>>> print(open('upload.cif').read())   # mmCIF, C-alpha atoms and all ligand atoms
data_protein
loop_
_atom_site.group_PDB
_atom_site.id
_atom_site.type_symbol
_atom_site.label_atom_id
_atom_site.label_comp_id
_atom_site.auth_asym_id
_atom_site.auth_seq_id
_atom_site.Cartn_x
_atom_site.Cartn_y
_atom_site.Cartn_z
ATOM 1 C CA MET A 25 65.779 63.350 -42.879
ATOM 2 C CA ASN A 26 68.335 60.590 -43.162
ATOM 3 C CA THR A 27 67.038 57.565 -45.030
ATOM 4 C CA GLU A 28 70.442 55.882 -45.075
ATOM 5 C CA LEU A 29 72.506 54.847 -42.070
ATOM 6 C CA GLN A 30 74.330 57.891 -40.651
ATOM 7 C CA ARG A 31 77.315 55.600 -40.126
ATOM 8 C CA ALA A 32 78.053 51.893 -40.446
ATOM 9 C CA ILE A 33 76.960 49.548 -37.654
ATOM 10 C CA THR A 34 80.232 48.423 -36.096
ATOM 11 C CA VAL A 35 81.500 44.891 -35.544
ATOM 12 C CA ASN A 36 81.542 45.654 -31.809
ATOM 13 C CA GLU A 37 77.853 46.580 -31.909
ATOM 14 C CA ILE A 38 76.992 43.377 -33.794
ATOM 15 C CA ASP A 39 79.041 41.265 -31.374
ATOM 16 C CA ALA A 40 77.413 42.948 -28.369
ATOM 17 C CA TYR A 41 73.958 42.345 -29.849
ATOM 18 C CA HIS A 42 74.558 38.611 -30.106
ATOM 19 C CA ARG A 43 76.504 38.254 -26.839
ATOM 20 C CA ASP A 44 74.291 40.456 -24.629
ATOM 21 C CA GLY A 45 71.018 40.451 -26.560
ATOM 22 C CA VAL A 46 70.975 44.247 -26.384
ATOM 23 C CA VAL A 47 73.070 47.134 -27.625
ATOM 24 C CA LEU A 48 72.875 50.912 -27.406
ATOM 25 C CA VAL A 49 73.200 52.407 -30.896
ATOM 26 C CA LYS A 50 73.798 56.140 -30.651
ATOM 27 C CA ASP A 51 73.012 58.960 -33.106
ATOM 28 C CA MET A 52 71.066 56.895 -35.631
ATOM 29 C CA PHE A 53 68.064 59.129 -36.379
ATOM 30 C CA ASP A 54 68.224 62.844 -37.135
ATOM 31 C CA SER A 55 65.900 65.420 -35.586
ATOM 32 C CA ASP A 56 63.529 65.295 -38.582
ATOM 33 C CA TRP A 57 62.710 61.672 -37.703
ATOM 34 C CA ILE A 58 62.043 62.633 -34.104
ATOM 35 C CA ASP A 59 59.677 65.400 -35.275
ATOM 36 C CA VAL A 60 57.911 62.964 -37.630
ATOM 37 C CA LEU A 61 57.382 60.430 -34.846
ATOM 38 C CA LYS A 62 56.231 63.083 -32.353
ATOM 39 C CA GLN A 63 53.681 64.213 -34.933
ATOM 40 C CA GLY A 64 52.708 60.550 -35.386
ATOM 41 C CA LEU A 65 52.219 60.157 -31.633
ATOM 42 C CA MET A 66 49.853 63.130 -31.660
ATOM 43 C CA THR A 67 47.866 61.645 -34.547
ATOM 44 C CA ASN A 68 47.852 58.240 -32.844
ATOM 45 C CA GLY A 69 46.837 59.738 -29.460
ATOM 46 C CA LYS A 70 43.836 61.459 -31.069
ATOM 47 C CA ASN A 71 42.830 58.329 -33.021
ATOM 48 C CA PRO A 72 43.953 55.313 -31.012
ATOM 49 C CA THR A 73 43.423 51.856 -32.493
ATOM 50 C CA HIS A 74 41.010 49.386 -30.895
ATOM 51 C CA ARG A 75 44.087 47.774 -29.295
ATOM 52 C CA ALA A 76 45.123 50.959 -27.449
ATOM 53 C CA ARG A 77 44.788 51.169 -23.731
ATOM 54 C CA THR A 78 45.987 52.921 -20.647
ATOM 55 C CA TRP A 79 48.337 50.655 -18.688
ATOM 56 C CA ASP A 80 48.367 52.885 -15.638
ATOM 57 C CA ARG A 81 46.377 55.803 -14.230
ATOM 58 C CA ASP A 82 47.170 57.094 -10.763
ATOM 59 C CA ALA A 83 45.237 59.271 -8.290
ATOM 60 C CA GLU A 84 46.918 62.411 -9.683
ATOM 61 C CA GLY A 85 45.724 61.551 -13.193
ATOM 62 C CA ARG A 86 49.189 60.598 -14.476
ATOM 63 C CA THR A 87 48.990 57.956 -17.174
ATOM 64 C CA MET A 88 50.890 55.520 -19.254
ATOM 65 C CA PHE A 89 49.340 55.034 -22.702
ATOM 66 C CA TRP A 90 50.101 52.062 -24.949
ATOM 67 C CA ASP A 91 49.099 51.354 -28.517
ATOM 68 C CA SER A 92 50.267 48.853 -31.075
ATOM 69 C CA GLN A 93 50.002 48.165 -34.829
ATOM 70 C CA ALA A 94 48.870 51.729 -35.433
ATOM 71 C CA TRP A 95 51.143 52.006 -38.473
ATOM 72 C CA GLN A 96 48.433 51.246 -40.989
ATOM 73 C CA GLU A 97 46.498 54.345 -39.860
ATOM 74 C CA VAL A 98 49.349 56.709 -39.002
ATOM 75 C CA ASP A 99 51.202 58.093 -42.047
ATOM 76 C CA GLU A 100 54.161 59.272 -39.980
ATOM 77 C CA TYR A 101 54.736 55.774 -38.600
ATOM 78 C CA GLN A 102 54.574 54.360 -42.143
ATOM 79 C CA LEU A 103 57.145 56.855 -43.324
ATOM 80 C CA PHE A 104 59.479 55.869 -40.498
ATOM 81 C CA ILE A 105 59.009 52.129 -41.049
ATOM 82 C CA PHE A 106 59.631 52.220 -44.806
ATOM 83 C CA LYS A 107 62.118 55.063 -45.143
ATOM 84 C CA SER A 108 64.142 55.389 -41.935
ATOM 85 C CA PRO A 109 67.338 53.376 -41.336
ATOM 86 C CA ALA A 110 65.554 51.268 -38.659
ATOM 87 C CA ALA A 111 65.121 48.167 -40.858
ATOM 88 C CA GLU A 112 68.757 48.278 -41.918
ATOM 89 C CA ILE A 113 69.929 48.678 -38.308
ATOM 90 C CA ALA A 114 67.994 45.505 -37.464
ATOM 91 C CA GLY A 115 69.295 43.740 -40.578
ATOM 92 C CA ARG A 116 72.937 44.575 -39.880
ATOM 93 C CA LEU A 117 72.693 43.600 -36.211
ATOM 94 C CA LEU A 118 70.952 40.315 -37.035
ATOM 95 C CA LYS A 119 73.290 39.655 -39.985
ATOM 96 C CA ALA A 120 70.047 38.946 -41.852
ATOM 97 C CA THR A 121 69.515 38.369 -45.534
ATOM 98 C CA GLU A 122 66.143 40.102 -45.274
ATOM 99 C CA ILE A 123 64.055 41.945 -42.727
ATOM 100 C CA ASN A 124 60.276 42.039 -42.418
ATOM 101 C CA PHE A 125 58.407 44.511 -40.287
ATOM 102 C CA PHE A 126 56.395 42.928 -37.466
ATOM 103 C CA PHE A 127 54.670 45.736 -35.552
ATOM 104 C CA ASP A 128 55.026 49.105 -33.844
ATOM 105 C CA ALA A 129 54.219 49.886 -30.208
ATOM 106 C CA VAL A 130 54.202 53.164 -28.298
ATOM 107 C CA PHE A 131 54.757 53.692 -24.571
ATOM 108 C CA VAL A 132 53.784 57.216 -23.507
ATOM 109 C CA ARG A 133 54.128 58.300 -19.875
ATOM 110 C CA SER A 134 52.888 61.682 -18.682
ATOM 111 C CA PRO A 135 55.263 63.693 -16.410
ATOM 112 C CA GLY A 136 55.962 62.077 -13.053
ATOM 113 C CA THR A 137 54.312 58.735 -13.887
ATOM 114 C CA GLN A 138 55.555 56.168 -11.379
ATOM 115 C CA PHE A 139 54.468 53.127 -13.369
ATOM 116 C CA SER A 140 57.365 50.833 -14.146
ATOM 117 C CA THR A 141 57.120 48.232 -16.923
ATOM 118 C CA PRO A 142 57.267 44.768 -15.326
ATOM 119 C CA TRP A 143 60.242 42.550 -16.195
ATOM 120 C CA HIS A 144 59.390 40.200 -19.024
ATOM 121 C CA GLN A 145 60.549 38.618 -22.285
ATOM 122 C CA ASP A 146 58.732 39.451 -25.526
ATOM 123 C CA GLU A 147 58.895 36.281 -27.604
ATOM 124 C CA PRO A 148 56.650 34.168 -25.329
ATOM 125 C CA TYR A 149 53.821 36.696 -25.900
ATOM 126 C CA TRP A 150 54.219 36.925 -29.649
ATOM 127 C CA SER A 151 52.538 35.153 -32.567
ATOM 128 C CA ILE A 152 56.084 34.579 -33.847
ATOM 129 C CA GLU A 153 59.029 32.491 -32.754
ATOM 130 C CA GLY A 154 62.679 32.680 -33.646
ATOM 131 C CA TYR A 155 66.046 33.993 -32.528
ATOM 132 C CA ASP A 156 66.286 36.515 -35.359
ATOM 133 C CA THR A 157 64.179 39.289 -33.923
ATOM 134 C CA CYS A 158 65.033 42.869 -33.080
ATOM 135 C CA THR A 159 63.128 45.588 -31.288
ATOM 136 C CA ILE A 160 64.284 49.146 -31.811
ATOM 137 C CA TRP A 161 63.363 51.180 -28.689
ATOM 138 C CA MET A 162 63.608 54.935 -29.325
ATOM 139 C CA PRO A 163 62.915 57.645 -26.780
ATOM 140 C CA LEU A 164 61.581 60.830 -28.409
ATOM 141 C CA VAL A 165 62.689 62.892 -25.392
ATOM 142 C CA PRO A 166 65.881 62.636 -23.340
ATOM 143 C CA VAL A 167 65.726 59.806 -20.804
ATOM 144 C CA LYS A 168 67.966 59.123 -17.840
ATOM 145 C CA LYS A 169 69.535 55.724 -17.284
ATOM 146 C CA LYS A 170 67.432 55.229 -14.135
ATOM 147 C CA ASN A 171 64.195 55.711 -16.135
ATOM 148 C CA ALA A 172 65.165 53.963 -19.373
ATOM 149 C CA LEU A 173 64.294 50.387 -20.326
ATOM 150 C CA ALA A 174 66.733 48.024 -18.555
ATOM 151 C CA PHE A 175 68.026 44.594 -19.574
ATOM 152 C CA VAL A 176 69.635 41.442 -18.174
ATOM 153 C CA PRO A 177 72.498 40.916 -20.652
ATOM 154 C CA GLY A 178 72.853 37.373 -21.963
ATOM 155 C CA SER A 179 69.407 36.256 -20.728
ATOM 156 C CA HIS A 180 68.277 35.788 -24.348
ATOM 157 C CA LEU A 181 70.545 32.728 -24.524
ATOM 158 C CA ASN A 182 69.152 30.930 -21.454
ATOM 159 C CA ASN A 183 66.468 29.022 -23.339
ATOM 160 C CA GLN A 184 64.021 29.626 -20.507
ATOM 161 C CA ILE A 185 60.457 30.912 -20.530
ATOM 162 C CA PHE A 186 59.225 32.323 -17.247
ATOM 163 C CA ASP A 187 55.777 32.578 -15.732
ATOM 164 C CA GLN A 188 55.496 36.269 -16.402
ATOM 165 C CA PRO A 189 52.950 39.066 -16.188
ATOM 166 C CA ASN A 190 49.651 39.145 -18.025
ATOM 167 C CA PHE A 191 49.781 42.615 -19.581
ATOM 168 C CA GLY A 192 46.008 42.310 -20.058
ATOM 169 C CA ASP A 193 45.761 43.008 -16.318
ATOM 170 C CA LEU A 194 47.234 46.486 -16.910
ATOM 171 C CA ASN A 195 43.829 47.935 -17.660
ATOM 172 C CA PRO A 196 42.645 50.481 -15.058
ATOM 173 C CA ASP A 197 39.816 51.622 -17.336
ATOM 174 C CA GLY A 198 38.434 48.086 -17.607
ATOM 175 C CA LYS A 199 38.549 47.996 -21.388
ATOM 176 C CA THR A 200 36.946 44.855 -22.790
ATOM 177 C CA ASP A 201 38.417 42.462 -25.392
ATOM 178 C CA VAL A 202 41.954 42.940 -24.152
ATOM 179 C CA ASP A 203 44.500 40.289 -25.164
ATOM 180 C CA GLN A 204 45.323 37.901 -22.313
ATOM 181 C CA VAL A 205 48.249 35.546 -21.733
ATOM 182 C CA ASN A 206 48.503 32.940 -18.976
ATOM 183 C CA PHE A 207 51.872 31.229 -18.636
ATOM 184 C CA SER A 208 51.000 29.098 -15.609
ATOM 185 C CA GLY A 209 51.387 25.438 -16.523
ATOM 186 C CA ILE A 210 53.728 26.411 -19.357
ATOM 187 C CA ALA A 211 56.560 27.982 -17.433
ATOM 188 C CA GLU A 212 57.878 26.494 -14.212
ATOM 189 C CA GLU A 213 59.574 29.504 -12.649
ATOM 190 C CA SER A 214 58.457 33.057 -12.034
ATOM 191 C CA ILE A 215 60.630 35.946 -13.127
ATOM 192 C CA PRO A 216 63.260 36.476 -10.422
ATOM 193 C CA ASP A 217 63.137 39.677 -8.348
ATOM 194 C CA ILE A 218 65.663 41.491 -10.507
ATOM 195 C CA ASP A 219 65.057 44.911 -8.900
ATOM 196 C CA ALA A 220 65.986 43.499 -5.478
ATOM 197 C CA ASN A 221 69.519 42.812 -6.686
ATOM 198 C CA PRO A 222 70.241 44.425 -10.083
ATOM 199 C CA ASP A 223 74.018 43.961 -9.699
ATOM 200 C CA ARG A 224 73.620 40.215 -9.393
ATOM 201 C CA TYR A 225 71.893 40.175 -12.780
ATOM 202 C CA GLY A 226 74.307 42.679 -14.351
ATOM 203 C CA VAL A 227 71.374 44.935 -15.271
ATOM 204 C CA VAL A 228 72.176 47.567 -17.913
ATOM 205 C CA SER A 229 70.424 50.708 -19.129
ATOM 206 C CA TRP A 230 71.692 53.972 -20.562
ATOM 207 C CA ASP A 231 71.204 57.730 -20.564
ATOM 208 C CA MET A 232 69.735 58.385 -23.991
ATOM 209 C CA LYS A 233 68.844 61.343 -26.142
ATOM 210 C CA PRO A 234 66.459 61.547 -29.102
ATOM 211 C CA GLY A 235 68.212 59.936 -32.078
ATOM 212 C CA ASP A 236 69.704 57.126 -29.964
ATOM 213 C CA CYS A 237 68.098 53.707 -29.792
ATOM 214 C CA VAL A 238 68.558 50.427 -28.029
ATOM 215 C CA ALA A 239 68.162 47.308 -30.127
ATOM 216 C CA PHE A 240 67.254 44.085 -28.344
ATOM 217 C CA ASN A 241 66.417 40.436 -28.897
ATOM 218 C CA SER A 242 62.844 39.392 -28.072
ATOM 219 C CA ARG A 243 64.122 36.663 -25.702
ATOM 220 C CA ILE A 244 65.990 39.021 -23.374
ATOM 221 C CA LEU A 245 64.629 39.864 -19.913
ATOM 222 C CA HIS A 246 63.781 43.554 -19.865
ATOM 223 C CA GLY A 247 61.668 46.017 -17.892
ATOM 224 C CA GLY A 248 62.018 48.629 -15.186
ATOM 225 C CA SER A 249 61.430 51.689 -17.366
ATOM 226 C CA GLY A 250 59.462 54.547 -15.793
ATOM 227 C CA LYS A 251 59.330 55.948 -12.230
ATOM 228 C CA LEU A 252 59.757 59.428 -13.642
ATOM 229 C CA ASP A 253 60.722 62.627 -11.880
ATOM 230 C CA GLU A 254 57.870 65.105 -11.435
ATOM 231 C CA ASP A 255 58.811 67.213 -14.483
ATOM 232 C CA GLN A 256 59.912 64.309 -16.682
ATOM 233 C CA GLU A 257 57.752 62.761 -19.409
ATOM 234 C CA LEU A 258 58.702 59.754 -21.506
ATOM 235 C CA GLN A 259 57.569 59.106 -25.061
ATOM 236 C CA VAL A 260 58.915 55.945 -26.643
ATOM 237 C CA PHE A 261 58.335 54.605 -30.151
ATOM 238 C CA THR A 262 59.295 51.001 -30.811
ATOM 239 C CA THR A 263 59.438 48.943 -33.965
ATOM 240 C CA LYS A 264 59.746 45.144 -34.051
ATOM 241 C CA TRP A 265 61.675 43.520 -36.888
ATOM 242 C CA LEU A 266 61.981 39.903 -38.043
ATOM 243 C CA GLY A 267 65.017 38.235 -39.573
ATOM 244 C CA ASP A 268 65.748 34.944 -41.266
ATOM 245 C CA ASP A 269 64.550 32.280 -38.809
ATOM 246 C CA ALA A 270 61.339 34.035 -37.633
ATOM 247 C CA ARG A 271 58.255 31.882 -38.156
ATOM 248 C CA ILE A 272 54.588 32.211 -37.253
ATOM 249 C CA LYS A 273 53.492 30.448 -34.082
ATOM 250 C CA PHE A 274 50.095 30.414 -32.366
ATOM 251 C CA ARG A 275 50.312 29.831 -28.610
ATOM 252 C CA GLU A 276 47.772 28.085 -26.411
ATOM 253 C CA CYS A 277 48.620 30.342 -23.467
ATOM 254 C CA GLY A 278 47.347 33.319 -25.483
ATOM 255 C CA MET A 279 49.260 36.051 -27.287
ATOM 256 C CA ASP A 280 49.716 39.769 -26.693
ATOM 257 C CA PRO A 281 49.483 41.398 -29.100
ATOM 258 C CA ASP A 282 47.555 38.480 -30.581
ATOM 259 C CA HIS A 283 48.006 38.499 -34.358
ATOM 260 C CA SER A 284 46.593 35.010 -34.925
ATOM 261 C CA ALA A 285 43.199 36.134 -36.299
ATOM 262 C CA ILE A 286 44.597 38.718 -38.697
ATOM 263 C CA MET A 287 47.407 36.374 -39.760
ATOM 264 C CA THR A 288 44.830 33.708 -40.570
ATOM 265 C CA GLU A 289 42.770 36.278 -42.482
ATOM 266 C CA TYR A 290 45.873 37.038 -44.581
ATOM 267 C CA GLY A 291 46.402 33.332 -45.298
ATOM 268 C CA LEU A 292 49.374 32.950 -42.955
ATOM 269 C CA LYS A 293 49.648 29.831 -40.814
ATOM 270 C CA PRO A 294 51.972 28.458 -38.121
ATOM 271 C CA GLY A 295 55.402 27.660 -39.547
ATOM 272 C CA ASP A 296 55.137 30.239 -42.343
ATOM 273 C CA ARG A 297 57.647 32.976 -42.796
ATOM 274 C CA PRO A 298 55.799 36.228 -42.039
ATOM 275 C CA GLY A 299 55.075 38.207 -45.179
ATOM 276 C CA THR A 300 52.193 39.794 -47.123
ATOM 277 C CA ASP A 301 51.307 43.498 -46.812
ATOM 278 C CA LEU A 302 50.813 42.927 -43.102
ATOM 279 C CA TYR A 303 54.471 42.075 -42.424
ATOM 280 C CA PRO A 304 56.208 43.699 -45.389
ATOM 281 C CA LYS A 305 59.785 43.004 -46.363
ATOM 282 C CA VAL A 306 61.479 46.362 -45.818
ATOM 283 C CA TRP A 307 65.171 45.575 -46.213
ATOM 284 C CA GLN A 308 67.402 43.011 -47.846
ATOM 285 C CA GLN A 309 71.115 42.572 -47.988
ATOM 286 C CA CYS A 310 72.683 43.567 -51.307
ATOM 287 C CA GLN A 311 73.847 40.577 -53.311
ATOM 288 C CA ASP A 312 77.175 42.166 -54.324
HETATM 289 O O1 LIG B 1 59.111 51.173 -22.834
HETATM 290 C C1 LIG B 1 58.616 50.404 -22.026
HETATM 291 O O2 LIG B 1 58.253 50.748 -20.901
HETATM 292 C C2 LIG B 1 58.428 48.943 -22.373
HETATM 293 C C3 LIG B 1 59.001 48.542 -23.700
HETATM 294 C C4 LIG B 1 58.967 47.064 -23.916
HETATM 295 O O3 LIG B 1 58.838 46.283 -23.013
HETATM 296 C C5 LIG B 1 59.100 46.538 -25.280
HETATM 297 O O4 LIG B 1 59.227 47.317 -26.238
HETATM 298 O O5 LIG B 1 59.093 45.308 -25.432
#
>>> encode(input="upload.cif", output="structure tokens")
Amino acid sequence: MNTELQRAITVNEIDAYHRDGVVLVKDMFDSDWIDVLKQGLMTNGKNPTHRARTWDRDAEGRTMFWDSQAWQEVDEYQLFIFKSPAAEIAGRLLKATEINFFFDAVFVRSPGTQFSTPWHQDEPYWSIEGYDTCTIWMPLVPVKKKNALAFVPGSHLNNQIFDQPNFGDLNPDGKTDVDQVNFSGIAEESIPDIDANPDRYGVVSWDMKPGDCVAFNSRILHGGSGKLDEDQELQVFTTKWLGDDARIKFRECGMDPDHSAIMTEYGLKPGDRPGTDLYPKVWQQCQD
């Protein structure tokens, strides 16, 4: 498996990342990495964390499964986080001096699942704030543009937080102790109806194959993935990475995933740079 970058991240990719808040980076992970992560998904599916839940279950029994921060229990995820080129991809795109790992999340849809991820931004839900953040979204099976995660380019620069969905409501099995976020009173406007007029918002998404990834800023508006054809499944592994200006923040509206308790347990407080074994430094720029 490739532990180094298969090729350099280009200036065009870096420029696109900062201009648009999202970039497709093709052919970054070889098939060994895909096999490792598929094995990890199987391990994770059999032993979900206490955070795991089904976001959608329809009358035909089709599901979308989500889990997060499973890396401490899943060896394959650990291998990917510490040894794959993912941290360096984030570091190069962010032009960071160092990169800490934040958390992993999986989005697994069974064939034909119609559930579509609501449009949202990530940062307002997180126990972190900062511009220097990067999610690496990797499909482990081929995905068509119409089913892949979609983005509103440039929306990461708008300095606007919307009243957006409470993902805690995506809980058909009624699991208790689910993280909740309520933006009302904090954000003035609701997310616009992007699906009603995707051209107006310049929405982008891409056909992707295993080994490709999209990298995106946590402030960008994104959503719309799903609505699969009958014979199409979608397994996605994501990792969230933090660059130079990322700092811990606890939010009164709630957080999802809410790391505030575990951060406090590890001696981290608002304003701190994330670190410790919980948010390990995985990459740093060479000094030469
Ligand atoms: O893959 C999906 O459906 C959602 C992914 C997402 O919203 C995220 O990684 O922030």
>>> closest_atom_pairs(input="upload.cif", of="chain A", to="ligand LIG 1 (chain B)", cutoff="7 Å", atoms="only C-alpha atoms and all ligand atoms", output="tab-separated table")
residue	atom	partner	partner_atom	distance
A:Ala129	CA	B:LIG1	O4	6.9
A:Phe131	CA	B:LIG1	O1	5.3
A:Ser140	CA	B:LIG1	O2	6.8
A:Thr141	CA	B:LIG1	O2	4.8
A:Asp146	CA	B:LIG1	O5	5.9
A:Thr159	CA	B:LIG1	O4	6.6
A:Trp161	CA	B:LIG1	O4	6.2
A:Leu173	CA	B:LIG1	O1	5.8
A:His246	CA	B:LIG1	O3	6.5
A:Gly247	CA	B:LIG1	O3	5.9
A:Ser249	CA	B:LIG1	O2	4.8
A:Gly250	CA	B:LIG1	O2	6.5
A:Val260	CA	B:LIG1	O1	6.1
A:Thr262	CA	B:LIG1	O4	5.9
>>> atom_distance(input="upload.cif", atom1="CA of Arg133 in chain A", atom2="CA of Arg86 in chain A")
7.7 Å
>>> closest_residue(input="upload.cif", among="A:Ser179, A:Gln63, A:Thr73, A:Gln96", to="Asp44 in chain A", atoms="all atoms listed in the file")
A:Ser179
>>> closest_residue(input="upload.cif", among="A:Asp156, A:Asp282, A:Glu289, A:Glu147", to="Ile244 in chain A", atoms="only C-alpha atoms")
A:Glu147
>>> closest_residue(input="upload.cif", among="A:Asp236, A:Asp280, A:Asp128, A:Asp197", to="Ile58 in chain A", atoms="all atoms listed in the file")
A:Asp236
>>> atom_distance(input="upload.cif", atom1="CA of Asp296 in chain A", atom2="CA of Arg43 in chain A")
27.6 Å
>>> residues_around(input="upload.cif", residues="Lys70 in chain A", least_positions_apart="2", cutoff="12 Å", atoms="only C-alpha atoms", output="ChimeraX atom specification")
/A:63-68,72-73,76,89,91,94,97-98
>>> residues_near_point(input="upload.cif", point="(43.3, 42.2, -26.6)", cutoff="10 Å", atoms="all atoms listed in the file", output="ChimeraX atom specification")
/A:74-77,191-192,199-205,278-283
>>> closest_atom_pairs(input="upload.cif", of="range 118-190 of chain A", to="range 297-305 of chain A", cutoff="7 Å", atoms="all atoms listed in the file", output="Markdown table")
| residue | atom | partner | partner_atom | distance |
| --- | --- | --- | --- | --- |
| A:Ile123 | CA | A:Lys305 | CA | 5.7 |
| A:Asn124 | CA | A:Lys305 | CA | 4.1 |
| A:Phe125 | CA | A:Tyr303 | CA | 5.1 |
| A:Phe126 | CA | A:Tyr303 | CA | 5.4 |
>>> atom_distance(input="upload.cif", atom1="CA of Gln259 in chain A", atom2="CA of Leu245 in chain A")
21.1 Å
>>> resolve_selection(input="upload.cif", expression="the PyMOL selection byres (((chain A and resi 104) around 10) and not hetatm)", output="PyMOL selection string")
chain A and resi 27+57-58+60-61+64+95+99-103+105-111+263
>>> resolve_selection(input="upload.cif", expression="the PyMOL selection byres (((chain A and resi 48) around 12) and not hetatm)", output="MDAnalysis selection string")
chainID A and resid 33:34 36:38 40:41 44:47 49:52 113 117 159:162 169 172:175 228:233 235:240
>>> write_last_selection(input="upload.cif", atoms="C-alpha atoms", output="short mmCIF file (atom, residue, chain, number, x, y, z; two decimals), in the coordinates of the input")
data_model
loop_
_atom_site.label_atom_id
_atom_site.label_comp_id
_atom_site.auth_asym_id
_atom_site.auth_seq_id
_atom_site.Cartn_x
_atom_site.Cartn_y
_atom_site.Cartn_z
CA ILE A 33 76.96 49.55 -37.65
CA THR A 34 80.23 48.42 -36.10
CA ASN A 36 81.54 45.65 -31.81
CA GLU A 37 77.85 46.58 -31.91
CA ILE A 38 76.99 43.38 -33.79
CA ALA A 40 77.41 42.95 -28.37
CA TYR A 41 73.96 42.34 -29.85
CA ASP A 44 74.29 40.46 -24.63
CA GLY A 45 71.02 40.45 -26.56
CA VAL A 46 70.97 44.25 -26.38
CA VAL A 47 73.07 47.13 -27.62
CA VAL A 49 73.20 52.41 -30.90
CA LYS A 50 73.80 56.14 -30.65
CA ASP A 51 73.01 58.96 -33.11
CA MET A 52 71.07 56.90 -35.63
CA ILE A 113 69.93 48.68 -38.31
CA LEU A 117 72.69 43.60 -36.21
CA THR A 159 63.13 45.59 -31.29
CA ILE A 160 64.28 49.15 -31.81
CA TRP A 161 63.36 51.18 -28.69
CA MET A 162 63.61 54.94 -29.32
CA LYS A 169 69.54 55.72 -17.28
CA ALA A 172 65.17 53.96 -19.37
CA LEU A 173 64.29 50.39 -20.33
CA ALA A 174 66.73 48.02 -18.56
CA PHE A 175 68.03 44.59 -19.57
CA VAL A 228 72.18 47.57 -17.91
CA SER A 229 70.42 50.71 -19.13
CA TRP A 230 71.69 53.97 -20.56
CA ASP A 231 71.20 57.73 -20.56
CA MET A 232 69.74 58.38 -23.99
CA LYS A 233 68.84 61.34 -26.14
CA GLY A 235 68.21 59.94 -32.08
CA ASP A 236 69.70 57.13 -29.96
CA CYS A 237 68.10 53.71 -29.79
CA VAL A 238 68.56 50.43 -28.03
CA ALA A 239 68.16 47.31 -30.13
CA PHE A 240 67.25 44.08 -28.34
#
>>> residues_around(input="upload.cif", residues="Ile272 in chain A", least_positions_apart="4", cutoff="8 Å", atoms="only C-alpha atoms", output="compact mmCIF listing (two decimals) with C-alpha atoms, in the coordinates of the input")
# COMPACT_ATOMS: atom_id res chain seq x y z
CA SER A 151 52.54 35.15 -32.57
CA ILE A 152 56.08 34.58 -33.85
CA GLU A 153 59.03 32.49 -32.75
CA LEU A 292 49.37 32.95 -42.96
CA LYS A 293 49.65 29.83 -40.81
CA PRO A 294 51.97 28.46 -38.12
CA GLY A 295 55.40 27.66 -39.55
CA ASP A 296 55.14 30.24 -42.34
CA ARG A 297 57.65 32.98 -42.80
CA PRO A 298 55.80 36.23 -42.04
>>> residues_around(input="upload.cif", residues="Glu112 in chain A", least_positions_apart="4", cutoff="8 Å", atoms="all atoms listed in the file", output="PyMOL selection string")
chain A and resi 29+116+123+307
>>> write_last_selection(input="upload.cif", atoms="C-alpha atoms", output="PDB file, in the coordinates of the input")
ATOM      1  CA  LEU A  29      72.506  54.847 -42.070  1.00  0.00           C
ATOM      2  CA  ARG A 116      72.937  44.575 -39.880  1.00  0.00           C
ATOM      3  CA  ILE A 123      64.055  41.945 -42.727  1.00  0.00           C
ATOM      4  CA  TRP A 307      65.171  45.575 -46.213  1.00  0.00           C
TER       5      TRP A 307
END
>>> closest_residue(input="upload.cif", among="A:Lys273, A:Ala32, A:Val176, A:Asn26", to="Gly115 in chain A", atoms="only C-alpha atoms")
A:Ala32
>>> resolve_selection(input="upload.cif", expression="the PyMOL selection byres (((chain A and resi 185) around 10) and not hetatm)", output="number ranges by chain")
A: 144-145, 147-148, 180, 182-184, 186-188, 207, 210-215, 243, 245
>>> closest_residue(input="upload.cif", among="A:Gly178, A:Pro142, A:Pro216, A:Pro234", to="Asn190 in chain A", atoms="only C-alpha atoms")
A:Pro142
>>> closest_residue(input="upload.cif", among="A:Ile218, A:Cys277, A:Leu266, A:Leu164", to="Asn206 in chain A", atoms="only C-alpha atoms")
A:Cys277
>>> decode(input="upload.cif", residues="range 238-252 of chain A", atoms="C-alpha atoms", output="PDB file, in the first residue's frame")
ATOM      1  CA  VAL A 238     -12.823  15.006  -2.373  1.00  0.00           C
ATOM      2  CA  ALA A 239     -11.223  17.311   0.160  1.00  0.00           C
ATOM      3  CA  PHE A 240     -13.359  20.088   1.615  1.00  0.00           C
ATOM      4  CA  ASN A 241     -13.366  22.919   4.126  1.00  0.00           C
ATOM      5  CA  SER A 242     -15.667  22.483   7.136  1.00  0.00           C
ATOM      6  CA  ARG A 243     -17.389  25.824   6.383  1.00  0.00           C
ATOM      7  CA  ILE A 244     -18.608  24.853   2.912  1.00  0.00           C
ATOM      8  CA  LEU A 245     -22.281  24.058   2.263  1.00  0.00           C
ATOM      9  CA  HIS A 246     -22.526  20.408   1.286  1.00  0.00           C
ATOM     10  CA  GLY A 247     -25.099  17.621   1.111  1.00  0.00           C
ATOM     11  CA  GLY A 248     -27.290  15.845  -1.401  1.00  0.00           C
ATOM     12  CA  SER A 249     -25.435  12.525  -1.424  1.00  0.00           C
ATOM     13  CA  GLY A 250     -27.568   9.384  -1.733  1.00  0.00           C
ATOM     14  CA  LYS A 251     -30.790   8.620  -3.660  1.00  0.00           C
ATOM     15  CA  LEU A 252     -29.183   5.469  -4.989  1.00  0.00           C
TER      16      LEU A 252
END
